[in-house]
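Everything below belongs to final.txt, which stores compact mmCIF, C-alpha atoms.
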```txt
# COMPACT_ATOMS: atom_id res chain seq x y z
CA MET P 1 -3.16 15.63 9.82
CA ARG P 2 -2.74 11.89 9.42
CA ASN P 3 -0.14 10.31 11.69
CA LEU P 4 1.94 8.17 9.33
CA GLU P 5 3.87 6.59 12.19
CA ILE P 6 0.65 5.02 13.46
CA ASP P 7 -0.06 3.89 9.90
CA ARG P 8 3.35 2.18 9.82
CA LEU P 9 2.46 0.24 12.96
CA ARG P 10 -0.79 -0.80 11.30
CA ALA P 11 1.20 -1.90 8.26
CA ILE P 12 3.65 -3.96 10.32
CA ALA P 13 0.84 -5.59 12.30
CA VAL P 14 -1.27 -6.51 9.28
CA THR P 15 1.78 -7.79 7.38
CA LEU P 16 2.76 -10.12 10.22
CA ILE P 17 -0.82 -11.32 10.60
CA ILE P 18 -1.00 -12.03 6.86
CA TYR P 19 2.30 -13.91 7.11
CA ALA P 20 0.99 -16.03 9.98
CA HIS P 21 -2.16 -17.03 8.10
CA TYR P 22 -0.26 -17.48 4.83
CA ALA P 23 2.30 -19.75 6.44
CA ARG P 24 -0.35 -21.77 8.25
CA ILE P 25 -2.08 -22.51 4.93
CA TYR P 26 0.96 -23.03 2.69
CA PHE P 27 3.62 -24.25 5.14
CA PRO P 28 1.79 -25.84 8.09
CA TRP P 29 4.79 -28.02 8.90
CA ILE P 30 7.11 -25.08 9.70
CA ILE P 31 4.79 -22.96 11.79
CA SER P 32 3.72 -23.39 15.37
CA PRO P 33 0.42 -25.27 15.50
CA ASP P 34 -0.54 -23.13 18.45
CA ILE P 35 -3.64 -21.13 17.53
CA ARG P 36 -2.18 -18.10 19.33
CA PHE P 37 0.57 -17.57 16.75
CA LEU P 38 1.16 -13.83 16.29
CA SER P 39 -2.28 -13.06 17.70
CA SER P 40 -0.70 -10.33 19.82
CA MET P 41 -0.30 -8.25 16.65
CA ALA P 42 -4.03 -7.58 17.03
CA ASP P 43 -3.18 -5.67 20.21
CA ILE P 44 -1.52 -2.99 18.08
CA PHE P 45 -4.86 -2.40 16.37
CA PHE P 46 -6.66 -2.40 19.72
CA VAL P 47 -4.31 0.18 21.26
CA ILE P 48 -4.54 2.39 18.17
CA SER P 49 -8.33 2.21 18.23
CA GLY P 50 -8.46 3.00 21.94
CA TYR P 51 -6.24 6.04 21.43
CA VAL P 52 -7.87 7.39 18.25
CA ILE P 53 -11.47 6.85 19.38
CA SER P 54 -10.67 8.52 22.70
CA ALA P 55 -9.31 11.50 20.77
CA ILE P 56 -12.39 11.59 18.54
CA LEU P 57 -14.96 11.35 21.31
CA ILE P 58 -13.91 12.52 24.72
CA ASP P 59 -13.24 16.23 24.31
CA GLN P 60 -16.30 16.70 22.10
CA VAL P 61 -18.65 14.70 24.31
CA ASP P 62 -17.48 16.45 27.47
CA SER P 63 -17.90 19.89 25.91
CA LEU P 64 -21.37 19.07 24.56
CA LYS P 65 -22.82 17.41 27.68
CA PRO P 66 -24.68 20.59 28.72
CA LYS P 67 -26.18 20.78 25.20
CA ALA P 68 -28.23 17.63 24.82
CA SER P 69 -29.40 18.20 21.25
CA GLU P 70 -25.92 19.00 19.95
CA LEU P 71 -24.51 16.02 21.83
CA ALA P 72 -27.11 13.75 20.23
CA VAL P 73 -26.14 14.97 16.76
CA PHE P 74 -22.46 14.39 17.45
CA VAL P 75 -22.98 10.86 18.80
CA LYS P 76 -25.24 10.00 15.87
CA GLY P 77 -22.57 11.31 13.51
CA PHE P 78 -19.94 9.18 15.21
CA PHE P 79 -21.97 6.00 14.82
CA LEU P 80 -22.86 6.93 11.24
CA ARG P 81 -19.19 7.28 10.33
CA ARG P 82 -18.38 4.01 12.09
CA ILE P 83 -21.09 2.20 10.14
CA TYR P 84 -19.87 3.51 6.80
CA ARG P 85 -16.26 2.91 7.80
CA ILE P 86 -16.63 -0.72 8.87
CA TYR P 87 -19.72 -2.37 7.44
CA PRO P 88 -19.59 -1.98 3.64
CA SER P 89 -16.13 -3.53 3.23
CA ALA P 90 -16.97 -6.30 5.70
CA TRP P 91 -20.23 -7.07 3.92
CA VAL P 92 -18.55 -7.20 0.52
CA VAL P 93 -15.93 -9.69 1.74
CA ILE P 94 -18.51 -11.85 3.53
CA ALA P 95 -20.67 -11.92 0.40
CA ALA P 96 -17.62 -12.84 -1.69
CA VAL P 97 -16.73 -15.67 0.70
CA ILE P 98 -20.26 -17.09 0.54
CA LEU P 99 -20.17 -16.97 -3.27
CA LEU P 100 -16.73 -18.59 -3.36
CA SER P 101 -17.95 -21.36 -1.08
CA MET P 102 -20.82 -21.98 -3.49
CA PHE P 103 -19.08 -21.80 -6.87
CA TYR P 104 -15.30 -22.01 -6.36
CA ASN P 105 -14.78 -24.64 -3.72
CA GLN P 106 -13.59 -27.86 -5.33
CA ASN P 107 -11.18 -28.60 -2.48
CA GLY P 108 -13.52 -27.45 0.29
CA LEU P 109 -11.18 -24.64 1.36
CA PHE P 110 -14.05 -22.19 1.79
CA SER P 111 -16.13 -24.49 4.02
CA THR P 112 -19.85 -24.59 3.19
CA PRO P 113 -22.20 -21.74 2.24
CA TRP P 114 -24.42 -22.55 5.20
CA LYS P 115 -21.56 -22.38 7.69
CA ASN P 116 -20.35 -19.09 6.23
CA MET P 117 -23.86 -17.64 6.42
CA GLU P 118 -24.18 -18.87 9.99
CA ALA P 119 -20.88 -17.18 10.84
CA ALA P 120 -22.14 -14.00 9.17
CA VAL P 121 -25.09 -13.93 11.58
CA TYR P 122 -22.71 -14.03 14.54
CA ILE P 123 -20.56 -11.36 12.91
CA PHE P 124 -23.50 -9.02 12.38
CA THR P 125 -24.59 -9.51 16.00
CA TYR P 126 -21.08 -8.80 17.37
CA THR P 127 -20.81 -12.24 18.99
CA PHE P 128 -18.55 -14.07 16.55
CA ASN P 129 -15.50 -14.04 18.82
CA TYR P 130 -17.43 -16.04 21.44
CA PHE P 131 -18.25 -18.85 19.01
CA LEU P 132 -15.00 -18.85 17.02
CA VAL P 133 -12.96 -21.77 18.30
CA SER P 134 -15.82 -24.16 18.96
CA GLN P 135 -17.30 -23.83 15.47
CA TYR P 136 -15.37 -21.57 13.13
CA HIS P 137 -11.62 -21.57 13.89
CA ASP P 138 -10.89 -23.18 10.52
CA LEU P 139 -13.26 -20.87 8.66
CA VAL P 140 -12.14 -18.31 6.10
CA LEU P 141 -13.90 -15.61 8.16
CA ALA P 142 -12.03 -16.49 11.36
CA PRO P 143 -9.95 -13.26 11.39
CA TYR P 144 -13.18 -11.34 11.99
CA TRP P 145 -12.82 -12.08 15.71
CA THR P 146 -10.72 -8.93 16.13
CA LEU P 147 -13.30 -6.87 14.27
CA MET P 148 -15.96 -8.09 16.69
CA ILE P 149 -13.99 -6.89 19.69
CA GLU P 150 -13.40 -3.52 18.05
CA GLU P 151 -17.09 -3.14 17.17
CA GLN P 152 -18.06 -3.95 20.76
CA PHE P 153 -15.66 -1.24 21.90
CA TYR P 154 -17.13 1.30 19.45
CA LEU P 155 -20.62 0.45 20.70
CA PHE P 156 -20.01 0.74 24.43
CA PHE P 157 -17.20 3.30 24.80
CA PRO P 158 -19.36 6.36 23.94
CA PHE P 159 -21.77 5.41 26.72
CA PHE P 160 -18.87 4.98 29.14
CA ILE P 161 -17.81 8.55 28.34
CA LEU P 162 -21.36 9.83 28.75
CA LEU P 163 -21.75 8.15 32.14
CA THR P 164 -18.45 9.38 33.59
CA LYS P 165 -17.68 12.92 34.71
CA ASN P 166 -14.11 13.57 33.64
CA ASN P 167 -10.86 11.99 32.53
CA ARG P 168 -9.55 11.48 36.05
CA GLN P 169 -12.58 9.41 36.94
CA ARG P 170 -12.21 7.46 33.69
CA LEU P 171 -8.54 6.89 34.37
CA ALA P 172 -9.27 5.50 37.83
CA ILE P 173 -12.06 3.23 36.58
CA LEU P 174 -10.05 1.89 33.65
CA ALA P 175 -6.91 1.38 35.76
CA VAL P 176 -8.90 -0.68 38.27
CA LEU P 177 -10.54 -2.56 35.40
CA LEU P 178 -7.15 -3.35 33.85
CA LEU P 179 -5.92 -4.73 37.18
CA ALA P 180 -9.09 -6.79 37.59
CA ILE P 181 -8.74 -8.20 34.08
CA THR P 182 -5.07 -9.03 34.61
CA LEU P 183 -5.36 -10.56 38.08
CA VAL P 184 -8.86 -12.07 38.15
CA ILE P 185 -11.00 -11.98 35.01
CA ARG P 186 -8.51 -13.32 32.47
CA PRO P 187 -7.07 -16.11 34.67
CA LEU P 188 -10.59 -17.30 35.54
CA THR P 189 -11.76 -17.10 31.92
CA MET P 190 -8.75 -19.03 30.66
CA HIS P 191 -9.21 -21.63 33.39
CA TYR P 192 -12.72 -22.46 32.19
CA TYR P 193 -12.11 -21.75 28.47
CA PRO P 194 -8.42 -22.57 27.94
CA VAL P 195 -8.52 -22.17 24.13
CA SER P 196 -11.59 -20.17 23.16
CA GLY P 197 -11.01 -17.69 25.98
CA LEU P 198 -8.12 -16.25 23.98
CA PHE P 199 -10.69 -14.56 21.72
CA PHE P 200 -13.15 -13.34 24.36
CA THR P 201 -13.58 -9.61 24.78
CA GLN P 202 -12.94 -9.68 28.52
CA THR P 203 -9.52 -11.26 27.95
CA ARG P 204 -8.44 -9.05 25.02
CA CYS P 205 -9.57 -5.51 25.90
CA ASP P 206 -6.29 -4.41 27.50
CA GLY P 207 -5.29 -2.61 24.32
CA PHE P 208 -8.29 -0.28 24.34
CA ILE P 209 -7.55 0.71 27.94
CA TYR P 210 -3.92 1.38 27.07
CA GLY P 211 -5.15 3.47 24.14
CA PHE P 212 -7.10 5.66 26.56
CA PHE P 213 -4.00 5.93 28.74
CA ILE P 214 -2.07 7.29 25.75
CA TYR P 215 -4.81 9.83 25.07
CA TYR P 216 -4.80 10.87 28.74
CA ILE P 217 -1.02 11.24 28.86
CA MET P 218 -0.96 13.25 25.63
CA LYS P 219 -3.43 15.73 27.19
CA GLN P 220 -1.18 16.52 30.15
CA PRO P 221 0.58 19.91 30.23
CA TRP P 222 3.94 18.30 30.98
CA ILE P 223 3.90 16.08 27.90
CA GLY P 224 6.14 18.48 25.98
CA ALA P 225 8.90 17.96 28.53
CA ILE P 226 9.11 14.24 27.77
CA LYS P 227 8.51 14.45 24.03
CA PRO P 228 11.21 12.26 22.50
CA ALA P 229 13.50 13.81 19.95
CA ALA P 230 14.22 12.05 16.69
CA THR P 231 17.86 11.65 17.56
CA GLY P 232 20.24 8.87 16.71
CA ALA P 233 20.56 6.83 13.56
CA LYS P 234 17.49 5.43 11.86
CA LEU P 235 19.02 2.00 12.34
CA PHE P 236 18.86 2.42 16.12
CA ARG P 237 15.21 3.51 16.03
CA MET P 238 14.37 0.61 13.71
CA LEU P 239 16.14 -1.75 16.11
CA MET P 240 14.06 -0.55 19.05
CA VAL P 241 10.83 -1.11 17.09
CA ALA P 242 12.07 -4.55 16.05
CA ILE P 243 12.82 -5.49 19.68
CA PHE P 244 9.29 -4.57 20.82
CA LEU P 245 7.79 -6.52 17.90
CA PHE P 246 10.02 -9.50 18.63
CA VAL P 247 8.84 -9.59 22.24
CA MET P 248 5.21 -9.42 21.08
CA ALA P 249 5.76 -12.29 18.64
CA ALA P 250 7.90 -14.34 21.00
CA VAL P 251 5.30 -14.49 23.77
CA THR P 252 2.85 -16.08 21.31
CA ILE P 253 5.31 -18.54 19.78
CA PHE P 254 6.80 -19.92 22.98
CA ASP P 255 4.87 -21.93 25.52
CA ILE P 256 3.88 -19.04 27.76
CA SER P 257 0.64 -18.74 29.69
CA VAL P 258 -2.03 -16.63 28.02
CA SER P 259 -2.33 -14.74 31.30
CA VAL P 260 1.23 -13.55 30.65
CA MET P 261 1.17 -13.42 26.86
CA ILE P 262 -1.72 -10.98 26.47
CA PRO P 263 -0.65 -8.32 29.00
CA VAL P 264 2.96 -8.42 27.77
CA GLY P 265 1.85 -8.10 24.15
CA ALA P 266 -0.59 -5.31 24.98
CA PHE P 267 2.05 -3.40 26.95
CA MET P 268 4.56 -3.67 24.09
CA ALA P 269 1.84 -2.39 21.75
CA PHE P 270 1.21 0.46 24.19
CA LEU P 271 4.88 1.48 24.06
CA LEU P 272 4.94 1.39 20.26
CA VAL P 273 1.74 3.39 19.82
CA PHE P 274 2.79 5.83 22.55
CA ALA P 275 6.02 6.50 20.66
CA ALA P 276 4.12 6.88 17.39
CA SER P 277 1.54 9.23 18.94
CA PHE P 278 4.18 11.98 19.22
CA ASN P 279 4.51 11.93 15.42
CA SER P 280 8.16 12.89 15.90
CA GLN P 281 9.92 10.57 13.45
CA ILE P 282 10.36 7.76 15.97
CA ILE P 283 8.79 4.99 13.87
CA VAL P 284 10.91 5.48 10.75
CA PHE P 285 12.56 3.26 8.16
CA PRO P 286 14.69 3.65 5.03
CA TYR P 287 12.71 5.34 2.27
CA PRO P 288 11.65 2.42 0.06
CA LEU P 289 10.45 0.41 3.06
CA GLN P 290 8.82 3.42 4.71
CA TRP P 291 6.99 4.32 1.49
CA LEU P 292 5.68 0.76 1.24
CA LEU P 293 4.59 0.70 4.90
CA ASP P 294 2.74 4.00 4.46
CA ILE P 295 0.79 2.50 1.56
CA ILE P 296 0.05 -0.74 3.41
CA GLY P 297 -0.96 1.16 6.54
CA SER P 298 -3.58 3.21 4.73
CA ARG P 299 -5.03 -0.03 3.32
CA SER P 300 -4.62 -2.17 6.42
CA TYR P 301 -8.35 -2.66 6.99
CA SER P 302 -9.01 -3.87 3.44
CA LEU P 303 -5.94 -6.10 3.53
CA TYR P 304 -6.98 -7.55 6.87
CA LEU P 305 -10.45 -8.42 5.60
CA ILE P 306 -9.44 -9.83 2.23
CA HIS P 307 -6.16 -11.66 2.84
CA VAL P 308 -7.45 -15.07 3.98
CA PRO P 309 -10.06 -15.37 1.19
CA MET P 310 -7.40 -14.45 -1.36
CA ILE P 311 -4.82 -16.88 0.05
CA LEU P 312 -7.39 -19.66 -0.20
CA ALA P 313 -8.56 -18.53 -3.65
CA ALA P 314 -4.96 -18.67 -4.88
CA LYS P 315 -4.46 -22.08 -3.31
CA GLU P 316 -7.67 -23.39 -4.88
CA LEU P 317 -6.53 -22.17 -8.30
CA SER P 318 -2.95 -23.42 -7.96
CA ASP P 319 -4.16 -26.84 -6.78
CA ARG P 320 -6.43 -27.07 -9.80
CA ILE P 321 -3.74 -26.00 -12.25
CA PHE P 322 -0.67 -27.70 -10.79
CA ARG P 323 -2.40 -30.75 -9.25
CA HIS P 324 -0.62 -30.34 -5.90
CA ASP P 325 2.75 -30.74 -7.66
CA PRO P 326 5.41 -29.44 -5.21
CA GLN P 327 7.51 -28.22 -8.14
CA TRP P 328 4.95 -25.47 -8.65
CA GLN P 329 4.77 -24.43 -4.98
CA ILE P 330 6.60 -21.15 -5.61
CA SER P 331 4.19 -20.26 -8.41
CA GLY P 332 1.27 -20.82 -6.04
CA ASN P 333 2.89 -18.63 -3.41
CA ILE P 334 3.46 -15.80 -5.88
CA MET P 335 -0.13 -16.14 -7.03
CA ALA P 336 -1.33 -15.71 -3.43
CA VAL P 337 0.68 -12.50 -2.98
CA ILE P 338 -0.68 -11.09 -6.24
CA PHE P 339 -4.25 -11.97 -5.27
CA ILE P 340 -3.89 -10.26 -1.88
CA VAL P 341 -2.34 -7.09 -3.32
CA VAL P 342 -4.79 -6.73 -6.19
CA ALA P 343 -7.92 -7.61 -4.21
CA GLY P 344 -6.85 -5.42 -1.30
CA GLU P 345 -6.33 -2.45 -3.62
CA VAL P 346 -9.66 -3.01 -5.37
CA LEU P 347 -11.51 -3.28 -2.05
CA TYR P 348 -9.79 -0.14 -0.77
CA ARG P 349 -10.42 1.98 -3.87
CA LEU P 350 -13.90 0.81 -4.78
CA VAL P 351 -15.45 0.16 -1.37
CA GLU P 352 -13.51 1.24 1.71
CA ARG P 353 -12.40 4.72 0.66
CA PRO P 354 -15.63 5.80 -1.08
CA THR P 355 -17.85 4.62 1.78
CA LEU P 356 -15.59 6.22 4.37
CA LEU P 357 -15.93 9.55 2.55
CA LYS P 358 -19.68 8.97 2.19
CA GLY P 359 -20.01 8.50 5.94
CA LYS P 360 -18.04 11.67 6.56
CA ALA P 361 -20.19 13.61 4.09
CA LEU P 362 -23.44 12.37 5.63
CA SER P 363 -22.21 13.23 9.11
CA LEU P 364 -21.26 16.75 8.04
CA LYS P 365 -24.58 17.13 6.21
CA MET P 366 -26.43 16.13 9.37
CA ASN P 367 -24.42 18.70 11.30
CA GLU P 368 -25.24 21.42 8.77
CA ALA P 369 -28.93 20.53 8.87
CA PHE P 370 -28.86 20.79 12.65
CA LYS P 371 -27.23 24.22 12.54
CA THR P 372 -29.78 25.42 9.98
CA ALA P 373 -32.68 24.11 12.05
CA ARG P 374 -31.32 25.93 15.08
CA HIS P 375 -30.85 29.11 13.01
CA ASN P 376 -27.33 29.38 14.32
CA PRO P 377 -24.64 29.10 11.65
CA ASP P 378 -22.02 29.90 14.26
CA LEU P 379 -22.42 26.55 15.99
CA PRO P 380 -19.09 24.69 15.79
CA ASP P 381 -18.71 21.87 13.32
CA LEU P 382 -18.86 18.53 15.06
CA GLU P 383 -15.31 17.44 14.61
CA TYR P 384 -14.37 14.72 12.15
CA VAL P 385 -11.13 13.05 13.15
CA LYS P 386 -9.06 10.45 11.31
CA GLU P 387 -10.49 6.97 11.34
CA SER P 388 -8.94 4.34 13.53
CA ARG P 389 -8.85 1.02 11.77
```
Go through the file and emit its structure as structure tokens.
Amino acid sequence: MRNLEIDRLRAIAVTLIIYAHYARIYFPWIISPDIRFLSSMADIFFVISGYVISAILIDQVDSLKPKASELAVFVKGFFLRRIYRIYPSAWVVIAAVILLSMFYNQNGLFSTPWKNMEAAVYIFTYTFNYFLVSQYHDLVLAPYWTLMIEEQFYLFFPFFILLTKNNRQRLAILAVLLLAITLVIRPLTMHYYPVSGLFFTQTRCDGFIYGFFIYYIMKQPWIGAIKPAATGAKLFRMLMVAIFLFVMAAVTIFDISVSVMIPVGAFMAFLLVFAASFNSQIIVFPYPLQWLLDIIGSRSYSLYLIHVPMILAAKELSDRIFRHDPQWQISGNIMAVIFIVVAGEVLYRLVERPTLLKGKALSLKMNEAFKTARHNPDLPDLEYVKESR
């Protein structure tokens, strides 16, 4: 069953990220020039991914370790679903950006085709976040830095599970790693790379570790005793969510060290996702807003990929039509919102959702073929769990 409270956190995070990029393009004079602005919203996605991928993988991998062939099928199925979940939508948007830079780029908003293709190479090799600030921070594909960190996590985390014995060992290793990142690795990285280090994997992986912590806590037998009840007015619960989000945003807006900003933001994200993981009506809002957040949350990946290209496409069109006339600024803003909503929905319905289901179907087909080959129809289905991003 899909956890809509986690979807609402996705919706809030992607909406604030869209706002930050939208404001930077349309209202650069009223927004902090600091490149960190609202970047901590990405930590919500990282914590969610850490939690959901842990839930997808750990129990299954641990139970299948004595059965090498079944384990291989499960791991292959996991990577197959990840590929179909992430790549097709990303490829479509990258191709669209390259085409826009070639044929719809009178004002140079989409950079050059060559630079976009060069960025695509780094994206496809999972290294884009290490080259972002020095070469591509002003590029339309810049938001892909978070996707790179997530893809690196998806690639390495299954092997971490395979190479560790149990959850207690994993907890100890990840707790030590979190301390090392907080006290040593991040401060040293930011000392030598004071701007670009903000996007490096070793400085931004706190969220994935916190996601595992949530998974570990939710597996404990005493978790029912601390399960929060959905008591009190909705306004109070909304206020608590707003306070956590304000702290996450505030640490990026004010002049606070990155070595403080990232762990504070990641911990606030941990608290929000932990509350949502109970699925007990903690992350709730009045109906019209909640309905909208549920829709946005289910489309958060498509919206995240497409929003910057659509903001720039709307600006390109409005500049051509209205000749930079400030009287038509509102019309340009409305156009940008329409472009984001329509393009996000098209990408979701025509690419993201169909390819996600295709990946699931292929994974299940591979599982069925394995059971048939082993002449054992009673083998358990290799579990398919809700996707993370």
* Structure fact -> From the list P:Arg323, P:Arg82, P:Lys315, P:Arg186, the nearest residue to P:Asp206 using only C-alpha atoms is P:Arg186
* To do: Tell me, as a ChimeraX atom specification, which residues lie within 12 Å of P:Asn116, counting all atoms listed in the file; anything in the same chain fewer than 4 positions away does not count.
  => /P:93-102,109-112,120-123,128,135-142
* **Å distance separating atom CA of P:Lys365 from atom CA of P:Thr125, one decimal place** =>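 If I compute the distance from atom CA of P:Lys365 to atom CA of P:Thr125, I get 28.4 Å.
Using all atoms listed in the file, the shortest contact distance between P:Leu71 and any of P:Val92, P:Ala20, P:Val346, P:Leu162 is found at P:Leu162.
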* To do: Show me as a PyMOL selection string the residues that reach within 12 Å of (2.4, 12.5, 12.3), counting all atoms listed in the file and using the file's own coordinates.
  => chain P and resi 1-8+273+275-284+294+386
